[in-house]
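Data from my_file-v6.pdb: PDB, C-alpha atoms
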ATOM      1  CA  TYR Y   1      -2.585  27.834  -3.599  1.00  0.00           C
ATOM      2  CA  ILE Y   2      -3.644  24.200  -3.135  1.00  0.00           C
ATOM      3  CA  VAL Y   3      -7.232  25.039  -4.173  1.00  0.00           C
ATOM      4  CA  ALA Y   4      -5.898  26.399  -7.466  1.00  0.00           C
ATOM      5  CA  ILE Y   5      -3.645  23.392  -8.064  1.00  0.00           C
ATOM      6  CA  MET Y   6      -6.380  20.848  -7.337  1.00  0.00           C
ATOM      7  CA  THR Y   7      -8.951  22.719  -9.406  1.00  0.00           C
ATOM      8  CA  ASP Y   8      -6.575  22.951 -12.358  1.00  0.00           C
ATOM      9  CA  MET Y   9      -5.792  19.230 -12.098  1.00  0.00           C
ATOM     10  CA  LEU Y  10      -9.506  18.422 -12.580  1.00  0.00           C
ATOM     11  CA  GLN Y  11      -9.453  19.824 -16.144  1.00  0.00           C
ATOM     12  CA  LEU Y  12     -13.062  21.051 -15.904  1.00  0.00           C
ATOM     13  CA  THR Y  13     -15.153  22.302 -18.807  1.00  0.00           C
ATOM     14  CA  PRO Y  14     -18.288  24.483 -18.698  1.00  0.00           C
ATOM     15  CA  GLU Y  15     -20.322  21.269 -19.178  1.00  0.00           C
ATOM     16  CA  SER Y  16     -18.700  19.319 -16.313  1.00  0.00           C
ATOM     17  CA  THR Y  17     -20.617  17.808 -13.430  1.00  0.00           C
ATOM     18  CA  VAL Y  18     -18.424  17.639 -10.334  1.00  0.00           C
ATOM     19  CA  LEU Y  19     -18.635  15.783  -7.047  1.00  0.00           C
ATOM     20  CA  GLU Y  20     -16.774  17.471  -4.193  1.00  0.00           C
ATOM     21  CA  ILE Y  21     -16.033  15.565  -0.996  1.00  0.00           C
ATOM     22  CA  GLY Y  22     -15.716  17.993   1.910  1.00  0.00           C
ATOM     23  CA  THR Y  23     -17.620  21.258   1.475  1.00  0.00           C
ATOM     24  CA  GLY Y  24     -16.090  22.946   4.517  1.00  0.00           C
ATOM     25  CA  CYS Y  25     -16.798  26.696   4.351  1.00  0.00           C
ATOM     26  CA  GLY Y  26     -17.737  26.445   0.654  1.00  0.00           C
ATOM     27  CA  TYR Y  27     -14.730  28.261  -0.826  1.00  0.00           C
ATOM     28  CA  GLN Y  28     -13.595  25.416  -3.100  1.00  0.00           C
ATOM     29  CA  THR Y  29     -17.252  24.752  -3.928  1.00  0.00           C
ATOM     30  CA  ALA Y  30     -17.728  28.329  -5.125  1.00  0.00           C
ATOM     31  CA  ILE Y  31     -14.609  28.115  -7.308  1.00  0.00           C
ATOM     32  CA  LEU Y  32     -15.804  24.850  -8.861  1.00  0.00           C
ATOM     33  CA  SER Y  33     -19.242  26.333  -9.560  1.00  0.00           C
ATOM     34  CA  GLN Y  34     -17.674  29.057 -11.701  1.00  0.00           C
ATOM     35  CA  LEU Y  35     -15.955  26.481 -13.918  1.00  0.00           C
ATOM     36  CA  ALA Y  36     -18.508  23.647 -14.102  1.00  0.00           C
ATOM     37  CA  LYS Y  37     -22.178  23.269 -14.941  1.00  0.00           C
ATOM     38  CA  HIS Y  38     -23.159  21.438 -11.733  1.00  0.00           C
ATOM     39  CA  VAL Y  39     -21.432  20.893  -8.395  1.00  0.00           C
ATOM     40  CA  HIS Y  40     -22.629  18.316  -5.868  1.00  0.00           C
ATOM     41  CA  SER Y  41     -20.772  18.602  -2.570  1.00  0.00           C
ATOM     42  CA  VAL Y  42     -20.916  16.112   0.308  1.00  0.00           C
ATOM     43  CA  GLU Y  43     -20.052  17.292   3.824  1.00  0.00           C
ATOM     44  CA  ILE Y  44     -20.038  15.097   6.940  1.00  0.00           C
ATOM     45  CA  VAL Y  45     -20.349  17.962   9.497  1.00  0.00           C
ATOM     46  CA  GLU Y  46     -23.981  19.060   9.587  1.00  0.00           C
ATOM     47  CA  ASP Y  47     -23.231  22.580  10.892  1.00  0.00           C
ATOM     48  CA  LEU Y  48     -20.898  23.158   7.928  1.00  0.00           C
ATOM     49  CA  VAL Y  49     -23.626  22.014   5.535  1.00  0.00           C
ATOM     50  CA  LYS Y  50     -26.010  24.597   6.993  1.00  0.00           C
ATOM     51  CA  THR Y  51     -23.570  27.511   7.065  1.00  0.00           C
ATOM     52  CA  ALA Y  52     -21.995  26.832   3.664  1.00  0.00           C
ATOM     53  CA  SER Y  53     -25.417  26.331   2.044  1.00  0.00           C
ATOM     54  CA  ALA Y  54     -26.719  29.607   3.472  1.00  0.00           C
ATOM     55  CA  ARG Y  55     -23.547  31.496   2.530  1.00  0.00           C
ATOM     56  CA  LEU Y  56     -23.460  30.237  -1.061  1.00  0.00           C
ATOM     57  CA  LYS Y  57     -27.173  30.871  -1.548  1.00  0.00           C
ATOM     58  CA  ARG Y  58     -26.813  34.402  -0.147  1.00  0.00           C
ATOM     59  CA  LEU Y  59     -23.936  35.035  -2.565  1.00  0.00           C
ATOM     60  CA  GLY Y  60     -26.041  33.966  -5.531  1.00  0.00           C
ATOM     61  CA  TYR Y  61     -24.597  30.555  -6.413  1.00  0.00           C
ATOM     62  CA  ARG Y  62     -27.334  28.466  -8.038  1.00  0.00           C
ATOM     63  CA  ASN Y  63     -25.570  25.444  -9.562  1.00  0.00           C
ATOM     64  CA  ILE Y  64     -24.467  23.941  -6.230  1.00  0.00           C
ATOM     65  CA  HIS Y  65     -26.166  21.123  -4.317  1.00  0.00           C
ATOM     66  CA  ILE Y  66     -24.771  20.428  -0.819  1.00  0.00           C
ATOM     67  CA  ILE Y  67     -25.564  17.099   0.823  1.00  0.00           C
ATOM     68  CA  HIS Y  68     -25.046  16.086   4.446  1.00  0.00           C
ATOM     69  CA  GLY Y  69     -23.475  12.642   4.268  1.00  0.00           C
ATOM     70  CA  ASP Y  70     -20.447  10.411   4.305  1.00  0.00           C
ATOM     71  CA  GLY Y  71     -18.065  11.511   1.564  1.00  0.00           C
ATOM     72  CA  GLN Y  72     -16.488   8.066   1.389  1.00  0.00           C
ATOM     73  CA  GLN Y  73     -19.801   6.879  -0.058  1.00  0.00           C
ATOM     74  CA  GLY Y  74     -19.945   9.720  -2.593  1.00  0.00           C
ATOM     75  CA  TRP Y  75     -23.405  10.674  -3.805  1.00  0.00           C
ATOM     76  CA  ALA Y  76     -24.773   8.054  -6.176  1.00  0.00           C
ATOM     77  CA  PRO Y  77     -27.968   9.942  -7.180  1.00  0.00           C
ATOM     78  CA  GLY Y  78     -25.877  12.525  -9.062  1.00  0.00           C
ATOM     79  CA  ALA Y  79     -23.524  10.015 -10.704  1.00  0.00           C
ATOM     80  CA  PRO Y  80     -21.806   9.544 -13.002  1.00  0.00           C
ATOM     81  CA  TYR Y  81     -19.491  12.547 -12.588  1.00  0.00           C
ATOM     82  CA  ASP Y  82     -17.010  14.075 -15.014  1.00  0.00           C
ATOM     83  CA  ALA Y  83     -14.743  14.935 -12.095  1.00  0.00           C
ATOM     84  CA  ILE Y  84     -14.455  14.176  -8.385  1.00  0.00           C
ATOM     85  CA  ILE Y  85     -12.384  16.146  -5.894  1.00  0.00           C
ATOM     86  CA  ALA Y  86     -11.777  15.307  -2.238  1.00  0.00           C
ATOM     87  CA  THR Y  87     -10.499  17.898   0.217  1.00  0.00           C
ATOM     88  CA  ALA Y  88      -9.750  15.358   2.955  1.00  0.00           C
ATOM     89  CA  ALA Y  89      -7.206  12.551   2.807  1.00  0.00           C
ATOM     90  CA  ALA Y  90      -8.245   8.965   2.167  1.00  0.00           C
ATOM     91  CA  ARG Y  91      -6.005   6.189   3.498  1.00  0.00           C
ATOM     92  CA  LYS Y  92      -6.409   4.254   0.237  1.00  0.00           C
ATOM     93  CA  THR Y  93      -7.974   4.823  -3.162  1.00  0.00           C
ATOM     94  CA  PRO Y  94     -11.754   5.107  -2.564  1.00  0.00           C
ATOM     95  CA  THR Y  95     -13.210   2.654  -5.083  1.00  0.00           C
ATOM     96  CA  LYS Y  96     -16.800   3.693  -4.248  1.00  0.00           C
ATOM     97  CA  LEU Y  97     -15.945   7.151  -5.555  1.00  0.00           C
ATOM     98  CA  LEU Y  98     -14.201   5.760  -8.643  1.00  0.00           C
ATOM     99  CA  ASP Y  99     -17.371   3.771  -9.391  1.00  0.00           C
ATOM    100  CA  GLN Y 100     -19.245   7.097  -9.585  1.00  0.00           C
ATOM    101  CA  LEU Y 101     -16.763   8.604 -12.057  1.00  0.00           C
ATOM    102  CA  LYS Y 102     -17.609   8.598 -15.780  1.00  0.00           C
ATOM    103  CA  PRO Y 103     -15.300   6.784 -18.162  1.00  0.00           C
ATOM    104  CA  GLY Y 104     -12.874   9.469 -19.302  1.00  0.00           C
ATOM    105  CA  GLY Y 105     -13.276  11.253 -15.943  1.00  0.00           C
ATOM    106  CA  ARG Y 106     -10.715  12.342 -13.397  1.00  0.00           C
ATOM    107  CA  MET Y 107     -10.530  12.278  -9.608  1.00  0.00           C
ATOM    108  CA  VAL Y 108      -8.130  14.433  -7.550  1.00  0.00           C
ATOM    109  CA  LEU Y 109      -7.486  13.744  -3.873  1.00  0.00           C
ATOM    110  CA  PRO Y 110      -4.877  13.469  -1.144  1.00  0.00           C
ATOM    111  CA  LEU Y 111      -3.930   9.880  -0.233  1.00  0.00           C
ATOM    112  CA  GLY Y 112      -2.204   8.732   2.937  1.00  0.00           C
ATOM    113  CA  ALA Y 113      -2.510   8.300   6.672  1.00  0.00           C
ATOM    114  CA  PRO Y 114      -2.917  11.221   9.076  1.00  0.00           C
ATOM    115  CA  GLY Y 115       0.381  12.413  10.512  1.00  0.00           C
ATOM    116  CA  MET Y 116       2.313  10.844   7.651  1.00  0.00           C
ATOM    117  CA  THR Y 117       3.357  12.352   4.336  1.00  0.00           C
ATOM    118  CA  GLN Y 118       0.382  12.240   1.999  1.00  0.00           C
ATOM    119  CA  SER Y 119       0.416  12.505  -1.776  1.00  0.00           C
ATOM    120  CA  LEU Y 120      -1.835  14.636  -3.929  1.00  0.00           C
ATOM    121  CA  VAL Y 121      -2.844  12.302  -6.753  1.00  0.00           C
ATOM    122  CA  TRP Y 122      -5.072  12.282  -9.781  1.00  0.00           C
ATOM    123  CA  LEU Y 123      -6.742   9.190 -11.139  1.00  0.00           C
ATOM    124  CA  ASP Y 124      -7.864   8.921 -14.738  1.00  0.00           C
ATOM    125  CA  LYS Y 125     -10.602   6.424 -15.598  1.00  0.00           C
ATOM    126  CA  ASP Y 126     -10.457   5.088 -19.141  1.00  0.00           C
ATOM    127  CA  GLU Y 127     -13.355   4.117 -21.388  1.00  0.00           C
ATOM    128  CA  ASP Y 128     -13.104   0.488 -20.198  1.00  0.00           C
ATOM    129  CA  GLY Y 129     -13.462   1.513 -16.559  1.00  0.00           C
ATOM    130  CA  HIS Y 130      -9.810   0.951 -15.649  1.00  0.00           C
ATOM    131  CA  TRP Y 131      -7.958   3.696 -13.832  1.00  0.00           C
ATOM    132  CA  ARG Y 132      -4.396   4.950 -13.560  1.00  0.00           C
ATOM    133  CA  GLU Y 133      -3.024   6.777 -10.548  1.00  0.00           C
ATOM    134  CA  HIS Y 134      -0.546   9.647 -10.903  1.00  0.00           C
ATOM    135  CA  CYS Y 135       1.287  11.292  -8.000  1.00  0.00           C
ATOM    136  CA  HIS Y 136       1.643  15.079  -8.105  1.00  0.00           C
ATOM    137  CA  LEU Y 137       3.163  16.412  -4.864  1.00  0.00           C
ATOM    138  CA  PRO Y 138       3.438  15.831  -1.095  1.00  0.00           C
ATOM    139  CA  VAL Y 139       0.634  17.387   0.981  1.00  0.00           C
ATOM    140  CA  ALA Y 140      -0.917  17.330   4.473  1.00  0.00           C
ATOM    141  CA  PHE Y 141      -4.734  17.212   4.765  1.00  0.00           C
ATOM    142  CA  VAL Y 142      -7.171  16.299   7.525  1.00  0.00           C
ATOM    143  CA  PRO Y 143      -8.345  12.678   7.277  1.00  0.00           C
ATOM    144  CA  MET Y 144     -11.558  11.671   5.541  1.00  0.00           C
ATOM    145  CA  THR Y 145     -13.992  10.446   8.197  1.00  0.00           C
ATOM    146  CA  SER Y 146     -17.106   8.268   8.197  1.00  0.00           C
ATOM    147  CA  LEU Y 147     -20.512   8.632   9.796  1.00  0.00           C
TER     148      LEU Y 147
END

Encoding of this model in structure tokens:
Amino acid sequence: YIVAIMTDMLQLTPESTVLEIGTGCGYQTAILSQLAKHVHSVEIVEDLVKTASARLKRLGYRNIHIIHGDGQQGWAPGAPYDAIIATAAARKTPTKLLDQLKPGGRMVLPLGAPGMTQSLVWLDKDEDGHWREHCHLPVAFVPMTSL
């Protein structure tokens, strides 16, 4: 359910390039790859990078690039992105990720502290590089971690 909501909020097109923070098992990654041209996914847990990469390759996904790294830093070599999605909660708006978002792009992520009510938000970046935050619904996600 939440995968569908977050994916819909991104407003992807067949030409979109997406940055995903938190590959996990690769389920959300696979969904994104069916709707976008390119998906770059950053995962902090090395074992998940290996298993998700192998699984997605075995299943025939070819427009996905999984990177072992710190999602809070994003992945600058693939920037700028049309859309960014995070599947772990940030305590505050991650400006390093917003910097990697194209003007006119959108980021969707949970915001808030672990153990507290978090909010699923989307942030729209305008052509001047300013962004507006919109709250969608209360959620509970694992926290975003750093290396």

Around (1.0, 13.0, 4.2), as given in the file, which residues come within 10 Å? Count only C-alpha atoms and list them as a PyMOL selection string.
chain Y and resi 89+91+110-120+137-143

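The residue that comes closest to Tyr27 (chain Y), out of Y:Pro80, Y:His68, Y:Thr87, Y:Leu97 and on the basis of all atoms listed in the file, is Y:Thr87.
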
Target residues per the PyMOL selection byres ((chain Y and resi 82) around 7), formatted as a PyMOL selection string
chain Y and resi 16-18+80-81+83+101-102+105-106

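Comparing Y:Ile31, Y:Ile21, Y:Leu12, Y:Ile2 by their smallest distance to Ile85 (chain Y), the closest is Y:Ile21 (using only C-alpha atoms).
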
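Distances to His65 (chain Y) were evaluated for Y:Thr7, Y:Gln34, Y:Gln28, Y:Thr23 using only C-alpha atoms, and the minimum falls at Y:Thr23.
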
Pull out every residue that the PyMOL selection byres ((chain Y and resi 98) around 12) matches in the shown coordinates and put them as number ranges by chain.
Y: 19, 72-76, 79-86, 92-97, 99-109, 122-126, 129-133

Assuming the chain letters and numbering stay as they are in my file, what does the PyMOL selection byres ((chain Y and resi 44) around 7) actually select? List them as an MDAnalysis selection string.
chainID Y and resid 42:43 45:46 68:71

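Between CA of Ser53 (chain Y) and CA of Cys25 (chain Y) there is a distance of 8.9 Å.
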
Nearest to Val121 (chain Y) by atom-to-atom distance, counting all atoms listed in the file, from Y:Met9, Y:Ser41, Y:Val49, Y:Glu15
Y:Met9

Can you tell me how far CA of Ala36 (chain Y) sits from CA of Ile5 (chain Y), in Å to one decimal?
16.0 Å

Can you tell me, as JSON, the centre and edge lengths (Å, one decimal) of the axis-aligned box enclosing all of region 15-23 of chain Y's listed atoms after padding each side by 5 Å?
{"center_x": -18.2, "center_y": 18.4, "center_z": -8.6, "size_x": 14.9, "size_y": 15.7, "size_z": 31.1}

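Computed from the coordinates, the CA of His40 (chain Y) to CA of Tyr61 (chain Y) distance equals 12.4 Å.
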
Could you tell me which of Y:Leu48, Y:Glu20, Y:Gly78, Y:Met144 comes closest to Met6 (chain Y) if we count all atoms listed in the file?
Y:Glu20
